[in-house]
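As stored in upload.tsv (TSV, C-alpha atoms):
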chain	number	residue	atom	x	y	z
A	9	MET	CA	-28.51	97.16	58.05
A	10	ALA	CA	-31.26	96.60	60.62
A	11	ARG	CA	-33.73	95.94	57.81
A	12	LYS	CA	-32.29	92.44	57.46
A	13	ILE	CA	-32.99	91.55	61.09
A	14	TYR	CA	-36.53	90.35	61.79
A	15	GLU	CA	-38.24	89.85	65.13
A	16	ASP	CA	-39.00	86.17	64.70
A	17	ALA	CA	-39.46	83.38	62.16
A	18	ARG	CA	-43.05	84.33	61.39
A	19	ALA	CA	-42.04	87.87	60.48
A	20	ALA	CA	-39.03	86.70	58.47
A	21	LEU	CA	-41.11	84.30	56.36
A	22	ASP	CA	-44.07	86.64	55.97
A	23	GLY	CA	-45.02	86.94	52.31
A	24	LEU	CA	-42.62	84.21	51.19
A	25	LEU	CA	-44.58	81.02	51.85
A	26	ARG	CA	-47.27	79.73	49.53
A	27	ASP	CA	-48.45	76.39	48.22
A	28	GLY	CA	-46.27	74.72	45.59
A	29	ILE	CA	-43.01	76.59	46.13
A	30	THR	CA	-39.51	75.11	46.24
A	31	ILE	CA	-37.58	75.44	49.49
A	32	ALA	CA	-33.87	74.65	49.87
A	33	ALA	CA	-32.80	73.79	53.41
A	34	GLY	CA	-29.27	73.61	54.75
A	35	GLY	CA	-27.90	71.00	57.10
A	36	PHE	CA	-26.53	67.48	57.10
A	37	GLY	CA	-28.47	64.85	59.00
A	38	LEU	CA	-29.56	66.76	62.11
A	39	CYS	CA	-26.50	69.04	62.11
A	40	GLY	CA	-26.82	72.66	61.06
A	41	ILE	CA	-30.53	72.50	60.24
A	42	PRO	CA	-32.73	75.62	60.39
A	43	GLU	CA	-34.93	74.28	63.19
A	44	THR	CA	-36.71	77.54	64.03
A	45	LEU	CA	-37.59	78.31	60.41
A	46	ILE	CA	-38.74	74.74	59.70
A	47	ASP	CA	-41.12	74.97	62.65
A	48	GLU	CA	-42.61	78.13	61.16
A	49	VAL	CA	-43.04	76.49	57.75
A	50	ARG	CA	-44.93	73.72	59.53
A	51	ARG	CA	-47.11	76.20	61.40
A	52	SER	CA	-47.95	78.02	58.16
A	53	ALA	CA	-49.58	74.84	56.78
A	54	VAL	CA	-48.45	75.53	53.19
A	55	GLU	CA	-48.73	72.44	50.99
A	56	ARG	CA	-47.26	70.73	47.91
A	57	LEU	CA	-43.75	71.83	48.74
A	58	THR	CA	-40.66	70.73	46.84
A	59	ILE	CA	-37.77	70.45	49.28
A	60	ILE	CA	-34.10	70.51	48.24
A	61	SER	CA	-32.00	69.12	51.06
A	62	ASN	CA	-29.38	66.46	51.67
A	63	ASN	CA	-31.95	64.43	53.63
A	64	ALA	CA	-35.28	64.74	55.40
A	65	GLY	CA	-34.22	64.56	59.04
A	66	ILE	CA	-35.99	61.99	61.21
A	67	GLU	CA	-39.65	61.35	61.90
A	68	ASP	CA	-40.16	64.01	64.57
A	69	PHE	CA	-37.30	66.43	63.95
A	70	GLY	CA	-36.03	68.68	61.18
A	71	LEU	CA	-37.69	68.34	57.80
A	72	GLY	CA	-39.33	65.16	59.06
A	73	LYS	CA	-41.87	67.43	60.74
A	74	LEU	CA	-43.08	68.61	57.32
A	75	LEU	CA	-43.44	65.03	56.13
A	76	GLN	CA	-45.50	64.27	59.23
A	77	THR	CA	-48.00	66.96	58.26
A	78	ARG	CA	-48.04	65.92	54.56
A	79	GLN	CA	-46.77	69.32	53.42
A	80	VAL	CA	-44.09	67.86	51.14
A	81	ALA	CA	-44.91	66.75	47.59
A	82	LYS	CA	-41.34	66.16	46.40
A	83	MET	CA	-37.90	65.70	47.92
A	84	ILE	CA	-34.69	66.34	45.97
A	85	SER	CA	-32.11	64.69	48.18
A	86	SER	CA	-29.27	62.20	48.35
A	87	PHE	CA	-30.16	60.18	51.43
A	88	MET	CA	-33.32	58.76	52.95
A	89	GLY	CA	-31.52	58.13	56.24
A	90	GLY	CA	-33.32	56.77	59.26
A	91	ASN	CA	-36.61	58.54	58.56
A	92	ARG	CA	-39.11	55.70	58.43
A	93	GLU	CA	-42.01	58.01	57.61
A	94	PHE	CA	-40.09	59.33	54.60
A	95	GLU	CA	-39.49	55.74	53.50
A	96	ARG	CA	-43.14	54.79	54.02
A	97	GLN	CA	-44.46	57.75	52.02
A	98	TYR	CA	-41.99	57.09	49.21
A	99	LEU	CA	-42.88	53.39	48.93
A	100	ALA	CA	-46.59	54.23	49.10
A	101	GLY	CA	-46.26	56.77	46.30
A	102	GLU	CA	-47.33	59.62	48.56
A	103	VAL	CA	-44.20	61.70	47.98
A	104	GLU	CA	-42.05	62.02	44.88
A	105	VAL	CA	-38.31	61.58	45.39
A	106	GLU	CA	-35.50	62.69	43.09
A	107	PHE	CA	-32.42	60.93	44.41
A	108	CYS	CA	-29.10	62.50	43.57
A	109	PRO	CA	-25.53	61.49	44.49
A	110	GLN	CA	-24.42	63.66	47.39
A	111	GLY	CA	-21.54	65.41	45.62
A	112	THR	CA	-23.70	65.99	42.57
A	113	LEU	CA	-26.45	67.45	44.74
A	114	ALA	CA	-24.01	69.87	46.36
A	115	GLU	CA	-22.72	70.93	42.94
A	116	ARG	CA	-26.24	71.29	41.51
A	117	ILE	CA	-27.08	73.67	44.37
A	118	ARG	CA	-23.79	75.56	43.97
A	119	ALA	CA	-24.29	75.80	40.21
A	120	GLY	CA	-27.82	77.15	40.64
A	121	GLY	CA	-26.53	79.78	43.02
A	122	ALA	CA	-23.79	80.75	40.56
A	123	GLY	CA	-26.21	81.10	37.64
A	124	ILE	CA	-24.92	77.97	35.90
A	125	PRO	CA	-27.84	76.09	34.29
A	126	GLY	CA	-26.05	72.77	33.95
A	127	PHE	CA	-22.75	70.89	34.12
A	128	TYR	CA	-21.27	67.54	33.16
A	129	THR	CA	-20.10	64.94	35.67
A	130	ARG	CA	-18.85	61.36	35.48
A	131	THR	CA	-20.92	60.41	38.53
A	132	GLY	CA	-23.97	58.33	37.66
A	133	VAL	CA	-23.02	57.38	34.10
A	134	GLY	CA	-24.31	53.90	33.33
A	135	THR	CA	-26.64	53.83	36.36
A	136	LEU	CA	-30.33	54.53	36.99
A	137	ILE	CA	-29.34	58.15	37.72
A	138	ALA	CA	-28.57	58.60	34.02
A	139	GLU	CA	-32.02	57.59	32.76
A	140	GLY	CA	-33.52	60.35	30.63
A	141	LYS	CA	-30.44	62.57	30.89
A	142	GLU	CA	-28.00	63.63	28.21
A	143	VAL	CA	-24.64	61.83	28.11
A	144	ARG	CA	-21.69	63.30	26.19
A	145	VAL	CA	-18.20	62.04	25.63
A	146	PHE	CA	-15.24	64.32	26.28
A	147	GLY	CA	-11.98	62.72	25.22
A	148	ASP	CA	-12.66	59.06	25.85
A	149	THR	CA	-14.85	59.51	28.95
A	150	ALA	CA	-18.65	59.74	29.16
A	151	TYR	CA	-20.20	62.51	31.26
A	152	LEU	CA	-23.75	63.06	32.47
A	153	LEU	CA	-25.51	66.42	32.16
A	154	GLU	CA	-26.96	67.61	35.48
A	155	SER	CA	-29.02	70.76	35.97
A	156	GLY	CA	-28.40	73.52	38.49
A	157	LEU	CA	-30.97	73.94	41.26
A	158	ARG	CA	-32.72	77.13	42.30
A	159	ALA	CA	-35.22	77.61	45.12
A	160	ASP	CA	-37.92	80.17	45.78
A	161	VAL	CA	-36.77	80.32	49.40
A	162	ALA	CA	-33.52	79.13	50.99
A	163	LEU	CA	-33.37	78.43	54.73
A	164	VAL	CA	-30.00	78.19	56.49
A	165	LYS	CA	-28.63	77.89	60.03
A	166	ALA	CA	-25.41	79.63	61.13
A	167	TRP	CA	-23.51	80.02	64.35
A	168	LYS	CA	-23.08	83.80	64.14
A	169	GLY	CA	-24.53	86.54	61.99
A	170	ASP	CA	-24.17	90.32	61.89
A	171	PRO	CA	-26.59	93.07	60.81
A	172	HIS	CA	-25.15	92.99	57.28
A	173	GLY	CA	-26.17	89.33	56.98
A	174	ASN	CA	-22.61	87.99	57.03
A	175	LEU	CA	-22.63	84.43	58.36
A	176	LEU	CA	-20.14	82.26	60.23
A	177	PHE	CA	-20.79	78.52	60.46
A	178	ARG	CA	-19.33	76.23	63.10
A	179	LYS	CA	-17.61	72.93	62.34
A	180	SER	CA	-19.90	70.33	60.73
A	181	ALA	CA	-22.69	72.86	60.23
A	182	ARG	CA	-20.51	74.28	57.47
A	183	ASN	CA	-21.71	71.59	55.09
A	184	PHE	CA	-24.61	72.33	52.74
A	185	ASN	CA	-25.48	75.66	54.36
A	186	PRO	CA	-23.05	77.91	52.41
A	187	VAL	CA	-24.18	76.64	49.00
A	188	VAL	CA	-27.86	76.60	49.97
A	189	ALA	CA	-27.56	80.25	50.99
A	190	THR	CA	-26.66	81.15	47.40
A	191	CYS	CA	-29.42	79.29	45.55
A	192	GLY	CA	-32.53	80.97	46.94
A	193	ARG	CA	-34.33	83.82	45.28
A	194	VAL	CA	-34.83	84.90	48.89
A	195	THR	CA	-32.50	83.57	51.60
A	196	VAL	CA	-33.53	83.56	55.25
A	197	ALA	CA	-30.94	82.71	57.89
A	198	GLU	CA	-31.32	81.86	61.55
A	199	VAL	CA	-28.30	82.27	63.81
A	200	GLU	CA	-27.40	81.20	67.32
A	201	GLU	CA	-25.73	84.54	68.02
A	202	LEU	CA	-26.34	88.00	66.61
A	203	VAL	CA	-23.19	90.12	66.79
A	204	GLY	CA	-22.39	93.70	65.91
A	205	PRO	CA	-21.00	95.02	62.62
A	206	GLY	CA	-17.36	94.05	62.20
A	207	GLU	CA	-17.39	91.47	65.00
A	208	ILE	CA	-17.00	88.69	62.45
A	209	GLU	CA	-13.54	89.13	60.95
A	210	ALA	CA	-13.64	89.43	57.17
A	211	ASP	CA	-11.45	86.35	56.74
A	212	ARG	CA	-13.89	84.28	58.82
A	213	VAL	CA	-17.03	85.15	56.87
A	214	HIS	CA	-18.27	81.96	55.21
A	215	THR	CA	-21.35	83.46	53.55
A	216	PRO	CA	-21.23	87.15	52.60
A	217	GLY	CA	-24.27	89.21	53.50
A	218	ILE	CA	-25.03	89.90	49.84
A	219	TYR	CA	-26.66	86.45	49.74
A	220	VAL	CA	-28.76	86.90	52.89
A	221	ASP	CA	-32.04	88.83	52.70
A	222	ARG	CA	-33.54	88.19	56.13
A	223	LEU	CA	-32.05	87.21	59.47
A	224	ILE	CA	-33.41	86.05	62.82
A	225	LEU	CA	-32.07	84.92	66.15
A	226	ALA	CA	-32.87	81.21	66.43
A	227	THR	CA	-35.10	80.12	69.28
A	228	SER	CA	-34.55	76.39	68.74
A	229	ASN	CA	-30.99	75.07	69.01
A	230	GLU	CA	-31.52	71.51	70.14
A	231	LYS	CA	-28.64	69.87	68.19
A	232	ARG	CA	-30.11	66.43	68.60
A	233	ILE	CA	-27.85	63.42	67.94
A	234	GLU	CA	-29.26	61.17	65.23
A	235	ARG	CA	-27.33	58.02	66.13
A	236	LEU	CA	-25.37	57.65	69.36
A	237	THR	CA	-22.73	54.95	69.53
A	238	VAL	CA	-20.71	54.38	72.69
A	239	ARG	CA	-17.83	52.04	73.40
A	240	GLU	CA	-18.23	49.49	76.13
A	241	GLU	CA	-15.18	49.19	78.33
A	242	ALA	CA	-13.92	45.67	78.99
A	243	ALA	CA	-14.62	44.42	82.48

Kindly return the structure encoded in the file as structure tokens.
Amino acid sequence: MARKIYEDARAALDGLLRDGITIAAGGFGLCGIPETLIDEVRRSAVERLTIISNNAGIEDFGLGKLLQTRQVAKMISSFMGGNREFERQYLAGEVEVEFCPQGTLAERIRAGGAGIPGFYTRTGVGTLIAEGKEVRVFGDTAYLLESGLRADVALVKAWKGDPHGNLLFRKSARNFNPVVATCGRVTVAEVEELVGPGEIEADRVHTPGIYVDRLILATSNEKRIERLTVREEAA
């Protein structure tokens, strides 16, 4: 069991990072992102990365840090968000972007993790998303063929993890993380709390340890708020 637990992010990613690989990263906006592992990818200085993720964080946080250092060659995502550097690089032709409807992206990741090479969906038929893709009619409805996604390395963030690699996510962090954990040839998880065997009840395990190869205790748990809106009370 202890073989899954690594001392730190550098040890956990040792031998996995190289130029040109595909990395899938969990999280939604700035919630549930593998901050500690992203920092180590940045430190490693690997280049020409393809990143599969719902979005690219913001300029100075999350995956935005890898865009800052020009380590990303391609983003497969559904949302550009408020990351102005991502937008600038895209418009300047410095980074390739494969936009994908959010639900389709989640299903492409899930399908890749389940060994399903492709599936048909109504989403995107008749739009720019359909360009160059196969369209088939089932009954009287047209469907678009989308491919499953696999990554060389998957990075996820969980609330709790045990020595078996079982993971428990908390609230909104249980978004893309569970499916991302399944699609990596090697999956590395960072957790806020490491607990003992059996301390996560079986019914509360969101990602079984069979999907998790390496595990670390996160050292960065900032949980930054991307957009803060407050209500002004009437005088």

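Distances to Val187 (chain A) were evaluated for A:Ile218, A:Ala114, A:Ile124, A:Ile224 using all atoms listed in the file, and the minimum falls at A:Ala114.
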
Practice problem: Could you jot down the CA of Ile84 (chain A) to CA of Cys108 (chain A) separation for me, Å, one decimal place? | Solution: 7.2 Å

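Atom pair CA of Glu93 (chain A) / CA of Asn63 (chain A): separated by 12.6 Å.
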
Self-check item: Polymer residues at most 12 Å from Glu104 (chain A), only C-alpha atoms, same-chain spacing of 2 or more positions, as a list in words
Solution: Arg56, Leu57, Thr58, Ile59, Leu75, Val80, Ala81, Lys82, Met83, Ile84, Ser85, Phe94, Glu95, Arg96, Gln97, Tyr98, Leu99, Ala100, Gly101, Glu102, Glu106 and Phe107 of chain A

Closest atom pairs, region 113-184 of chain A residues within 8 Å of region 189-192 of chain A, only C-alpha atoms, as CSV:
residue,atom,partner,partner_atom,distance
A:Ile117,CA,A:Cys191,CA,6.2
A:Arg118,CA,A:Cys191,CA,6.9
A:Gly120,CA,A:Cys191,CA,5.6
A:Gly121,CA,A:Cys191,CA,3.9
A:Ala122,CA,A:Thr190,CA,7.4
A:Leu157,CA,A:Cys191,CA,7.0
A:Arg158,CA,A:Cys191,CA,5.1
A:Ala159,CA,A:Gly192,CA,4.7
A:Asp160,CA,A:Gly192,CA,5.6
A:Val161,CA,A:Gly192,CA,4.9
A:Ala162,CA,A:Gly192,CA,4.6
A:Leu163,CA,A:Ala189,CA,7.1
A:Val164,CA,A:Ala189,CA,6.4

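Counting only C-alpha atoms and comparing A:Arg18, A:Arg92, A:Arg51, A:Arg239, the residue that lies closest to Val196 (chain A) is A:Arg18.
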
With 8 Å added on each side, what axis-aligned box encloses every listed atom of region 26-30 of chain A? Give the centre and edge lengths in Å to one decimal, as JSON.
{"center_x": -44.0, "center_y": 77.2, "center_z": 47.6, "size_x": 24.9, "size_y": 21.0, "size_z": 19.9}

Quiz prompt | Non-local contacts of Leu223 (chain A) (8 Å; only C-alpha atoms; under 4 positions in same chain excluded) as a ChimeraX atom specification | solution = /A:12-14,20,169,173,196-199

Close residues, Trp167 (chain A) itself excluded, 10 Å, only C-alpha atoms, min 3 positions apart in chain, as a short mmCIF file (atom, residue, chain, number, x, y, z; two decimals) with C-alpha atoms, in the frame of the given file:
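Printed below is part21.cif as written:
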data_model
loop_
_atom_site.label_atom_id
_atom_site.label_comp_id
_atom_site.auth_asym_id
_atom_site.auth_seq_id
_atom_site.Cartn_x
_atom_site.Cartn_y
_atom_site.Cartn_z
CA GLY A 40 -26.82 72.66 61.06
CA LEU A 175 -22.63 84.43 58.36
CA LEU A 176 -20.14 82.26 60.23
CA PHE A 177 -20.79 78.52 60.46
CA ARG A 178 -19.33 76.23 63.10
CA LYS A 179 -17.61 72.93 62.34
CA ALA A 181 -22.69 72.86 60.23
CA ARG A 182 -20.51 74.28 57.47
CA GLU A 198 -31.32 81.86 61.55
CA VAL A 199 -28.30 82.27 63.81
CA GLU A 200 -27.40 81.20 67.32
CA GLU A 201 -25.73 84.54 68.02
CA LEU A 202 -26.34 88.00 66.61
CA ALA A 226 -32.87 81.21 66.43
#

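A straight line drawn from CA of Leu71 (chain A) to CA of Ala119 (chain A) is 23.3 Å long.
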
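Proximity of A:Leu236, A:Ala150, A:His172, A:Ala19 to Gly206 (chain A), computed with only C-alpha atoms, is greatest for A:His172.
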
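Closest approach to Asp22 (chain A) from the set A:Arg193, A:Arg222, A:Arg212, A:Arg232 is made by A:Arg222, with distances taken over all atoms listed in the file.
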
Self-check item: Using all atoms listed in the file: which of A:Ser228, A:Ile66, A:Thr135, A:Ser180 has the shortest distance to Asp47 (chain A)
Solution: A:Ser228

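Nearest residue to Lys165 (chain A) among A:Asp27, A:Leu38, A:Ala138, A:Glu15 is A:Leu38, counting only C-alpha atoms.
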
Residue neighbourhood Val203 (chain A), 8 Å, all atoms listed in the file, exclusion window fewer than 5 positions, as a PDB file with C-alpha atoms, keeping the file's coordinate frame:
ATOM      1  CA  LYS A 168     -23.080  83.800  64.140  1.00  0.00           C
ATOM      2  CA  GLY A 169     -24.530  86.540  61.990  1.00  0.00           C
ATOM      3  CA  ASP A 170     -24.170  90.320  61.890  1.00  0.00           C
ATOM      4  CA  PRO A 171     -26.590  93.070  60.810  1.00  0.00           C
ATOM      5  CA  ILE A 208     -17.000  88.690  62.450  1.00  0.00           C
TER       6      ILE A 208
END

Exercise. Find the residues around Arg116 (chain A) up to 8 Å (all atoms listed in the file counted), leave out those fewer than 6 positions away in its own chain, and share them as an MDAnalysis selection string.
Key: chainID A and resid 126 154:157

Selection to disk with C-alpha atoms, as a PDB file, keeping the file's coordinate frame:
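The resulting file, result-v8.pdb, is shown below:
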ATOM      1  CA  GLY A 126     -26.050  72.770  33.950  1.00  0.00           C
ATOM      2  CA  GLU A 154     -26.960  67.610  35.480  1.00  0.00           C
ATOM      3  CA  SER A 155     -29.020  70.760  35.970  1.00  0.00           C
ATOM      4  CA  GLY A 156     -28.400  73.520  38.490  1.00  0.00           C
ATOM      5  CA  LEU A 157     -30.970  73.940  41.260  1.00  0.00           C
TER       6      LEU A 157
END

What would region 35-57 of chain A look like with N, CA, C and O atoms in place, written as a CSV table (one decimal), keeping the file's coordinate frame?
chain,number,residue,atom,x,y,z
A,35,GLY,N,-28.1,72.0,56.1
A,35,GLY,CA,-27.9,71.0,57.1
A,35,GLY,C,-27.5,69.7,56.6
A,35,GLY,O,-27.6,69.4,55.3
A,36,PHE,N,-27.0,68.8,57.4
A,36,PHE,CA,-26.5,67.5,57.1
A,36,PHE,C,-27.0,66.6,58.2
A,36,PHE,O,-26.5,66.7,59.4
A,37,GLY,N,-27.9,65.6,57.9
A,37,GLY,CA,-28.5,64.8,59.0
A,37,GLY,C,-29.3,65.8,59.9
A,37,GLY,O,-30.1,66.5,59.5
A,38,LEU,N,-28.9,65.8,61.2
A,38,LEU,CA,-29.6,66.8,62.1
A,38,LEU,C,-28.6,67.9,62.5
A,38,LEU,O,-28.9,68.7,63.4
A,39,CYS,N,-27.5,68.0,61.8
A,39,CYS,CA,-26.5,69.0,62.1
A,39,CYS,C,-26.7,70.2,61.2
A,39,CYS,O,-26.8,70.1,60.0
A,40,GLY,N,-26.7,71.4,61.8
A,40,GLY,CA,-26.8,72.7,61.1
A,40,GLY,C,-28.1,72.9,60.3
A,40,GLY,O,-28.2,73.5,59.3
A,41,ILE,N,-29.2,72.3,60.9
A,41,ILE,CA,-30.5,72.5,60.2
A,41,ILE,C,-31.2,73.7,60.8
A,41,ILE,O,-31.1,74.1,62.0
A,42,PRO,N,-32.0,74.4,59.9
A,42,PRO,CA,-32.7,75.6,60.4
A,42,PRO,C,-34.0,75.3,61.2
A,42,PRO,O,-35.1,75.4,60.7
A,43,GLU,N,-33.8,74.8,62.4
A,43,GLU,CA,-34.9,74.3,63.2
A,43,GLU,C,-36.1,75.3,63.4
A,43,GLU,O,-37.2,75.0,63.2
A,44,THR,N,-35.7,76.5,63.7
A,44,THR,CA,-36.7,77.5,64.0
A,44,THR,C,-37.5,77.9,62.8
A,44,THR,O,-38.8,78.0,62.9
A,45,LEU,N,-36.9,78.0,61.7
A,45,LEU,CA,-37.6,78.3,60.4
A,45,LEU,C,-38.4,77.1,59.9
A,45,LEU,O,-39.5,77.3,59.4
A,46,ILE,N,-38.0,75.9,60.1
A,46,ILE,CA,-38.7,74.7,59.7
A,46,ILE,C,-40.0,74.7,60.5
A,46,ILE,O,-41.1,74.4,60.0
A,47,ASP,N,-39.9,75.0,61.8
A,47,ASP,CA,-41.1,75.0,62.6
A,47,ASP,C,-42.2,76.0,62.2
A,47,ASP,O,-43.4,75.7,62.2
A,48,GLU,N,-41.7,77.1,61.7
A,48,GLU,CA,-42.6,78.1,61.2
A,48,GLU,C,-43.2,77.7,59.8
A,48,GLU,O,-44.4,78.0,59.6
A,49,VAL,N,-42.5,77.0,59.0
A,49,VAL,CA,-43.0,76.5,57.8
A,49,VAL,C,-44.1,75.5,58.1
A,49,VAL,O,-45.2,75.5,57.5
A,50,ARG,N,-43.9,74.7,59.1
A,50,ARG,CA,-44.9,73.7,59.5
A,50,ARG,C,-46.2,74.5,60.0
A,50,ARG,O,-47.3,74.1,59.7
A,51,ARG,N,-46.0,75.5,60.8
A,51,ARG,CA,-47.1,76.2,61.4
A,51,ARG,C,-47.9,76.9,60.3
A,51,ARG,O,-49.2,77.0,60.4
A,52,SER,N,-47.3,77.3,59.2
A,52,SER,CA,-48.0,78.0,58.2
A,52,SER,C,-48.9,77.1,57.4
A,52,SER,O,-49.8,77.7,56.7
A,53,ALA,N,-48.7,75.8,57.4
A,53,ALA,CA,-49.6,74.8,56.8
A,53,ALA,C,-49.6,74.9,55.2
A,53,ALA,O,-50.5,74.4,54.6
A,54,VAL,N,-48.5,75.5,54.6
A,54,VAL,CA,-48.4,75.5,53.2
A,54,VAL,C,-48.3,74.1,52.7
A,54,VAL,O,-47.7,73.3,53.4
A,55,GLU,N,-48.7,73.8,51.5
A,55,GLU,CA,-48.7,72.4,51.0
A,55,GLU,C,-48.0,72.3,49.7
A,55,GLU,O,-47.6,73.3,49.1
A,56,ARG,N,-47.8,71.1,49.2
A,56,ARG,CA,-47.3,70.7,47.9
A,56,ARG,C,-45.9,71.3,47.7
A,56,ARG,O,-45.5,71.8,46.7
A,57,LEU,N,-45.1,71.3,48.8
A,57,LEU,CA,-43.8,71.8,48.7
A,57,LEU,C,-42.8,70.9,48.0
A,57,LEU,O,-42.8,69.7,48.2
